[in-house]
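Novice: To be precise about what I am sending: the file is called upload.pdb and holds PDB, C-alpha atoms and all ligand atoms.
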ATOM      1  CA  MET A 226       9.792 -19.683   6.620
ATOM      2  CA  ARG A 227       8.787 -16.573   4.761
ATOM      3  CA  ARG A 228      11.223 -17.308   2.001
ATOM      4  CA  ILE A 229       9.683 -20.711   1.572
ATOM      5  CA  PHE A 230       6.279 -19.174   1.222
ATOM      6  CA  THR A 231       7.582 -16.583  -1.197
ATOM      7  CA  SER A 232       9.306 -19.204  -3.290
ATOM      8  CA  ALA A 233       6.227 -21.353  -3.309
ATOM      9  CA  LEU A 234       4.171 -18.413  -4.382
ATOM     10  CA  THR A 235       6.607 -17.441  -7.097
ATOM     11  CA  ALA A 236       6.358 -20.955  -8.436
ATOM     12  CA  LEU A 237       2.582 -20.855  -8.223
ATOM     13  CA  THR A 238       2.489 -17.504  -9.939
ATOM     14  CA  CYS A 239       4.661 -18.783 -12.755
ATOM     15  CA  LEU A 240       2.465 -21.816 -13.161
ATOM     16  CA  THR A 241      -0.626 -19.666 -13.172
ATOM     17  CA  LEU A 242       0.794 -17.270 -15.701
ATOM     18  CA  ALA A 243       1.956 -20.110 -17.910
ATOM     19  CA  SER A 244      -1.369 -21.860 -17.790
ATOM     20  CA  CYS A 245      -3.288 -18.821 -18.886
ATOM     21  CA  GLY A 246      -0.928 -17.723 -21.612
ATOM     22  CA  GLY A 247       0.878 -15.072 -19.623
ATOM     23  CA  THR A 248      -2.031 -12.703 -19.236
ATOM     24  CA  ALA A 249      -3.436 -12.101 -15.795
ATOM     25  CA  ALA A 250      -6.904 -11.424 -17.180
ATOM     26  CA  ALA A 251      -7.447 -14.340 -19.508
ATOM     27  CA  PRO A 252     -10.653 -13.754 -21.457
ATOM     28  CA  THR A 253     -11.608 -17.402 -21.287
ATOM     29  CA  PRO A 254     -10.673 -19.056 -17.989
ATOM     30  CA  PRO A 255     -10.160 -22.790 -18.309
ATOM     31  CA  PRO A 256     -13.309 -24.629 -17.243
ATOM     32  CA  ALA A 257     -11.204 -27.054 -15.222
ATOM     33  CA  ALA A 258     -10.351 -24.281 -12.759
ATOM     34  CA  ALA A 259     -13.635 -24.569 -10.898
ATOM     35  CA  THR A 260     -13.105 -28.203 -10.029
ATOM     36  CA  ALA A 261      -9.323 -28.347 -10.101
ATOM     37  CA  PRO A 262      -8.171 -30.817  -7.439
ATOM     38  CA  ALA A 263      -4.739 -29.190  -7.532
ATOM     39  CA  ALA A 264      -6.076 -26.522  -5.177
ATOM     40  CA  ALA A 265      -6.036 -29.084  -2.361
ATOM     41  CA  VAL A 266      -2.255 -29.177  -2.586
ATOM     42  CA  THR A 267      -1.889 -25.574  -1.432
ATOM     43  CA  ALA A 268      -1.649 -24.790   2.264
ATOM     44  CA  PRO A 269      -5.110 -24.492   3.812
ATOM     45  CA  ALA A 270      -3.926 -22.332   6.711
ATOM     46  CA  ALA A 271      -5.147 -18.891   5.710
ATOM     47  CA  GLN A 272      -3.702 -17.049   8.695
ATOM     48  CA  SER A 273      -0.110 -17.574   7.616
ATOM     49  CA  ALA A 274      -0.619 -17.180   3.905
ATOM     50  CA  LEU A 275       0.359 -13.520   3.720
ATOM     51  CA  THR A 276       3.878 -12.174   3.295
ATOM     52  CA  ILE A 277       4.724  -8.475   3.270
ATOM     53  CA  LYS A 278       7.703  -7.505   1.168
ATOM     54  CA  ASP A 279       9.559  -4.395   0.045
ATOM     55  CA  ALA A 280       7.900  -2.045   2.535
ATOM     56  CA  TRP A 281       9.244   1.502   2.324
ATOM     57  CA  VAL A 282       8.305   5.019   3.316
ATOM     58  CA  ARG A 283       9.006   8.276   1.546
ATOM     59  CA  PRO A 284      11.290  10.577   3.608
ATOM     60  CA  VAL A 285       9.702  13.690   5.038
ATOM     61  CA  SER A 286      10.745  16.663   7.143
ATOM     62  CA  VAL A 287       8.517  18.468   9.594
ATOM     63  CA  THR A 288      11.216  20.873  10.753
ATOM     64  CA  GLU A 289      12.164  22.559   7.507
ATOM     65  CA  PRO A 290       9.957  25.508   6.539
ATOM     66  CA  ALA A 291       9.416  23.935   3.141
ATOM     67  CA  ALA A 292       8.354  20.703   4.741
ATOM     68  CA  THR A 293       5.572  20.170   2.282
ATOM     69  CA  SER A 294       8.130  20.343  -0.488
ATOM     70  CA  ALA A 295       8.664  16.698   0.366
ATOM     71  CA  LEU A 296       5.754  16.629  -2.046
ATOM     72  CA  THR A 297       7.983  17.272  -5.000
ATOM     73  CA  THR A 298       7.482  14.011  -6.792
ATOM     74  CA  THR A 299       4.859  13.538  -9.423
ATOM     75  CA  GLU A 300       2.427  11.683  -7.240
ATOM     76  CA  ALA A 301       2.765  14.050  -4.349
ATOM     77  CA  MET A 302       2.194  16.989  -6.636
ATOM     78  CA  THR A 303      -0.994  15.457  -7.887
ATOM     79  CA  ASP A 304      -1.967  14.733  -4.292
ATOM     80  CA  THR A 305      -1.657  18.420  -3.593
ATOM     81  CA  MET A 306      -3.613  19.267  -6.712
ATOM     82  CA  ALA A 307      -6.335  16.909  -5.653
ATOM     83  CA  LEU A 308      -6.607  18.649  -2.332
ATOM     84  CA  THR A 309      -7.068  22.010  -3.972
ATOM     85  CA  THR A 310     -10.137  20.956  -5.869
ATOM     86  CA  THR A 311     -13.439  22.190  -4.548
ATOM     87  CA  GLU A 312     -14.710  18.691  -4.058
ATOM     88  CA  ALA A 313     -11.726  17.645  -1.999
ATOM     89  CA  MET A 314     -11.719  20.805   0.070
ATOM     90  CA  THR A 315     -15.296  20.278   1.162
ATOM     91  CA  ASP A 316     -14.189  16.969   2.586
ATOM     92  CA  SER A 317     -13.410  17.177   6.289
ATOM     93  CA  LEU A 318     -10.351  15.019   5.754
ATOM     94  CA  ALA A 319      -9.000  17.471   3.225
ATOM     95  CA  MET A 320      -9.646  20.343   5.579
ATOM     96  CA  GLU A 321      -7.699  18.591   8.291
ATOM     97  CA  MET A 322      -4.881  17.817   5.892
ATOM     98  CA  ASP A 323      -4.646  21.394   4.732
ATOM     99  CA  ALA A 324      -1.969  22.369   7.240
ATOM    100  CA  SER A 325      -0.561  18.912   7.715
ATOM    101  CA  VAL A 326       2.627  17.297   6.614
ATOM    102  CA  THR A 327       2.024  14.048   4.785
ATOM    103  CA  THR A 328       4.032  11.173   3.449
ATOM    104  CA  ALA A 329       3.270   7.726   2.096
ATOM    105  CA  ALA A 330       4.303   4.102   2.469
ATOM    106  CA  TYR A 331       4.375   1.451  -0.221
ATOM    107  CA  LEU A 332       4.664  -2.340  -0.035
ATOM    108  CA  THR A 333       3.672  -5.598  -1.651
ATOM    109  CA  ILE A 334       1.353  -8.115   0.015
ATOM    110  CA  VAL A 335       1.853 -11.641  -1.254
ATOM    111  CA  ASN A 336      -0.963 -14.124  -0.655
ATOM    112  CA  SER A 337       0.160 -17.734  -1.042
ATOM    113  CA  GLY A 338      -3.191 -19.044   0.155
ATOM    114  CA  ALA A 339      -6.282 -20.111  -1.725
ATOM    115  CA  THR A 340      -8.438 -17.571   0.108
ATOM    116  CA  PRO A 341      -8.590 -13.886  -0.808
ATOM    117  CA  ASP A 342      -8.062 -11.354   1.959
ATOM    118  CA  ASN A 343      -8.502  -7.635   2.451
ATOM    119  CA  LEU A 344      -6.160  -5.075   3.968
ATOM    120  CA  LEU A 345      -8.457  -3.055   6.203
ATOM    121  CA  SER A 346      -6.138  -0.613   7.920
ATOM    122  CA  VAL A 347      -2.552   0.295   8.722
ATOM    123  CA  SER A 348      -1.340   1.864  11.931
ATOM    124  CA  ALA A 349       1.953   3.316  13.070
ATOM    125  CA  ALA A 350       3.264   4.728  16.339
ATOM    126  CA  PRO A 351       1.048   7.648  17.463
ATOM    127  CA  GLU A 352       4.093   9.917  17.708
ATOM    128  CA  LEU A 353       4.750   9.373  14.021
ATOM    129  CA  ALA A 354       1.518  10.668  12.500
ATOM    130  CA  LYS A 355      -1.926  11.817  13.561
ATOM    131  CA  SER A 356      -3.629   9.334  11.304
ATOM    132  CA  VAL A 357      -2.883   6.687   8.727
ATOM    133  CA  GLU A 358      -5.213   5.916   5.841
ATOM    134  CA  LEU A 359      -5.425   3.664   2.815
ATOM    135  CA  HIS A 360      -5.548   5.656  -0.403
ATOM    136  CA  THR A 361      -5.727   5.029  -4.103
ATOM    137  CA  MET A 362      -5.047   7.219  -7.108
ATOM    138  CA  ILE A 363      -7.754   7.690  -9.696
ATOM    139  CA  ASP A 364      -7.701   9.367 -13.086
ATOM    140  CA  GLU A 365     -10.376  12.033 -13.352
ATOM    141  CA  GLY A 366     -10.352  13.571 -16.791
ATOM    142  CA  GLY A 367      -6.598  13.213 -17.093
ATOM    143  CA  VAL A 368      -5.924  14.536 -13.594
ATOM    144  CA  MET A 369      -4.670  12.035 -11.030
ATOM    145  CA  LYS A 370      -6.342  12.420  -7.655
ATOM    146  CA  MET A 371      -6.103  10.433  -4.482
ATOM    147  CA  ARG A 372      -9.051   9.025  -2.603
ATOM    148  CA  PRO A 373      -9.376   7.100   0.666
ATOM    149  CA  VAL A 374     -10.434   3.482   0.284
ATOM    150  CA  ALA A 375     -12.014   1.205   2.890
ATOM    151  CA  LYS A 376      -9.904  -1.780   1.954
ATOM    152  CA  ILE A 377      -7.361  -3.148  -0.490
ATOM    153  CA  GLU A 378      -8.065  -6.597  -1.865
ATOM    154  CA  VAL A 379      -5.353  -9.248  -1.801
ATOM    155  CA  PRO A 380      -6.353 -11.941  -4.305
ATOM    156  CA  ALA A 381      -5.905 -15.636  -3.563
ATOM    157  CA  ASN A 382      -2.585 -16.921  -4.875
ATOM    158  CA  GLY A 383      -1.750 -13.399  -5.911
ATOM    159  CA  GLU A 384      -0.557 -10.110  -4.574
ATOM    160  CA  ALA A 385      -1.597  -6.559  -3.874
ATOM    161  CA  VAL A 386       0.974  -3.963  -4.845
ATOM    162  CA  LEU A 387       0.979  -0.593  -3.130
ATOM    163  CA  LYS A 388       3.134   1.621  -5.330
ATOM    164  CA  ILE A 389       3.677   5.156  -6.519
ATOM    165  CA  GLY A 390       0.712   6.193  -8.621
ATOM    166  CA  GLY A 391      -1.578   3.542  -7.162
ATOM    167  CA  PHE A 392      -2.648   2.238  -3.787
ATOM    168  CA  HIS A 393      -0.619   3.668  -0.905
ATOM    169  CA  VAL A 394      -0.590   4.092   2.843
ATOM    170  CA  MET A 395      -1.063   7.785   3.641
ATOM    171  CA  PHE A 396       0.410   9.336   6.772
ATOM    172  CA  ILE A 397      -1.476  12.493   7.679
ATOM    173  CA  GLY A 398      -0.172  15.010  10.157
ATOM    174  CA  VAL A 399       3.354  13.667  10.326
ATOM    175  CA  GLN A 400       4.883  14.592  13.702
ATOM    176  CA  LYS A 401       8.566  13.794  13.228
ATOM    177  CA  ASP A 402      11.210  13.718  10.545
ATOM    178  CA  LEU A 403      11.660  10.519   8.610
ATOM    179  CA  LYS A 404      15.151  10.271   7.173
ATOM    180  CA  ASP A 405      16.691   7.872   4.693
ATOM    181  CA  GLY A 406      17.720   4.613   6.313
ATOM    182  CA  GLU A 407      15.381   4.856   9.288
ATOM    183  CA  THR A 408      12.854   2.158  10.015
ATOM    184  CA  VAL A 409       9.136   2.629  10.599
ATOM    185  CA  LYS A 410       7.125  -0.095  12.303
ATOM    186  CA  LEU A 411       3.752  -0.642  10.694
ATOM    187  CA  SER A 412       0.836  -2.824  11.779
ATOM    188  CA  LEU A 413      -1.275  -4.094   8.922
ATOM    189  CA  THR A 414      -4.726  -5.396   9.824
ATOM    190  CA  PHE A 415      -6.330  -7.889   7.478
ATOM    191  CA  GLU A 416      -9.880  -9.192   7.396
ATOM    192  CA  GLN A 417      -8.767 -12.833   7.498
ATOM    193  CA  ALA A 418      -5.145 -12.892   8.588
ATOM    194  CA  GLY A 419      -5.440 -10.459  11.479
ATOM    195  CA  THR A 420      -2.597  -8.094  12.265
ATOM    196  CA  ILE A 421       0.842  -8.405  10.691
ATOM    197  CA  GLN A 422       3.806  -6.274  11.784
ATOM    198  CA  VAL A 423       6.297  -5.049   9.236
ATOM    199  CA  ASP A 424       9.383  -2.834   9.262
ATOM    200  CA  ALA A 425       9.288  -0.266   6.492
ATOM    201  CA  VAL A 426      12.550   1.383   5.437
ATOM    202  CA  VAL A 427      12.628   5.103   4.815
ATOM    203  CA  ARG A 428      14.137   5.720   1.415
ATOM    204  CA  THR A 429      14.064   8.289  -1.350
ATOM    205  CA  PRO A 430      12.404   6.931  -4.486
ATOM    206  CA  PRO A 431      14.473   7.097  -7.677
ATOM    207  CA  THR A 432      13.515  10.034  -9.850
ATOM    208  CA  PRO A 433      11.588   8.801 -12.885
TER     209      PRO A 433
HETATM  210 CU    CU A 501      -2.756   9.668  -0.399
END
Can the structure from this file be put into structure tokens for me?

Specialist:
Amino acid sequence: MRRIFTSALTALTCLTLASCGGTAAAPTPPPAAATAPAAAVTAPAAQSALTIKDAWVRPVSVTEPAATSALTTTEAMTDTMALTTTEAMTDSLAMEMDASVTTAAYLTIVNSGATPDNLLSVSAAPELAKSVELHTMIDEGGVMKMRPVAKIEVPANGEAVLKIGGFHVMFIGVQKDLKDGETVKLSLTFEQAGTIQVDAVVRTPPTP
């Protein structure tokens, strides 16, 4: 079932890209789009329009003394830098994170429906982490910093990509080791689609 949706979406995406010259942000959208009857062909059921794919979590160790050295990748290093700024440190979240072990999850949300949706929150087993937040990375004067966000938009007939250097799911106060090959169960809550469960695989990202 999911593969059907994914295939349908892939086809839709290709059509969309082809019709607007291959650029996602076409400067002049075709006027026909507003009244296009073709939209009626797509599935109207919004609650089953979302597919989660390629969900993974960065490995982390809470037992090794250098546990925070799980933050050795570029993004994690900038995360740490962000937390050392005065602005971030005055934030209560940052204060709480100061002594915490963190890691992050990444995934792609595919929306095959004609209605946009929003990812509002992600939760995991309480024994895994103290809290789970949605974060983004922003460029402030050439320095990448992470910031919590209230939601992540999933466009209609499109996708939201949570990836290294961009949107991510942040695990704060990690309570147990996450090793390569393990599986983490995540619950994603959407504004329209409700809650969707997904298994995220723990894996080490390739070094850039
Ligand atoms: Cu983060």

Novice: Could you list the protein, DNA and RNA residues that have any atom within 7 Å of ligand CU 501 (chain A), counting only C-alpha atoms and all ligand atoms, and write them as a list in words?

Specialist: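 These are the residues that qualify: Asp304, Ala329, His360, Thr361, Met371, Arg372, His393, Val394 and Met395 of chain A.
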
Novice: Deliver the residues from the most recent selection as a file, using C-alpha atoms, as an mmCIF file, keeping the file's coordinate frame.

Specialist:
data_model
loop_
_atom_site.group_PDB
_atom_site.id
_atom_site.type_symbol
_atom_site.label_atom_id
_atom_site.label_comp_id
_atom_site.auth_asym_id
_atom_site.auth_seq_id
_atom_site.Cartn_x
_atom_site.Cartn_y
_atom_site.Cartn_z
ATOM 1 C CA ASP A 304 -1.967 14.733 -4.292
ATOM 2 C CA ALA A 329 3.270 7.726 2.096
ATOM 3 C CA HIS A 360 -5.548 5.656 -0.403
ATOM 4 C CA THR A 361 -5.727 5.029 -4.103
ATOM 5 C CA MET A 371 -6.103 10.433 -4.482
ATOM 6 C CA ARG A 372 -9.051 9.025 -2.603
ATOM 7 C CA HIS A 393 -0.619 3.668 -0.905
ATOM 8 C CA VAL A 394 -0.590 4.092 2.843
ATOM 9 C CA MET A 395 -1.063 7.785 3.641
#

Novice: Run the PyMOL selection byres (((chain A and resi 338-355) around 8) and not hetatm) mentally over the shown coordinates, then write out the matched residues as a PyMOL selection string, using the chain letters and numbers from the document.

Specialist: chain A and resi 264+267-271+274-275+336-337+356-359+375-382+394+396-401+409-418

Novice: CA of Gly383 in chain A and CA of Thr327 in chain A, how far apart in Å?

Specialist: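 Straight-line distance from CA of Thr327 in chain A to CA of Gly383 in chain A works out to 29.7 Å.
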
Novice: Just give me the gap between CA of Pro431 in chain A and CA of Thr276 in chain A in Å, one decimal is fine.

Specialist: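 These atoms are spaced 24.6 Å apart.
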
Novice: Calculate how many Å separate CA of Val282 in chain A from CA of Arg428 in chain A, rounding to one decimal.

Specialist: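 CA of Val282 in chain A sits 6.2 Å away from CA of Arg428 in chain A.
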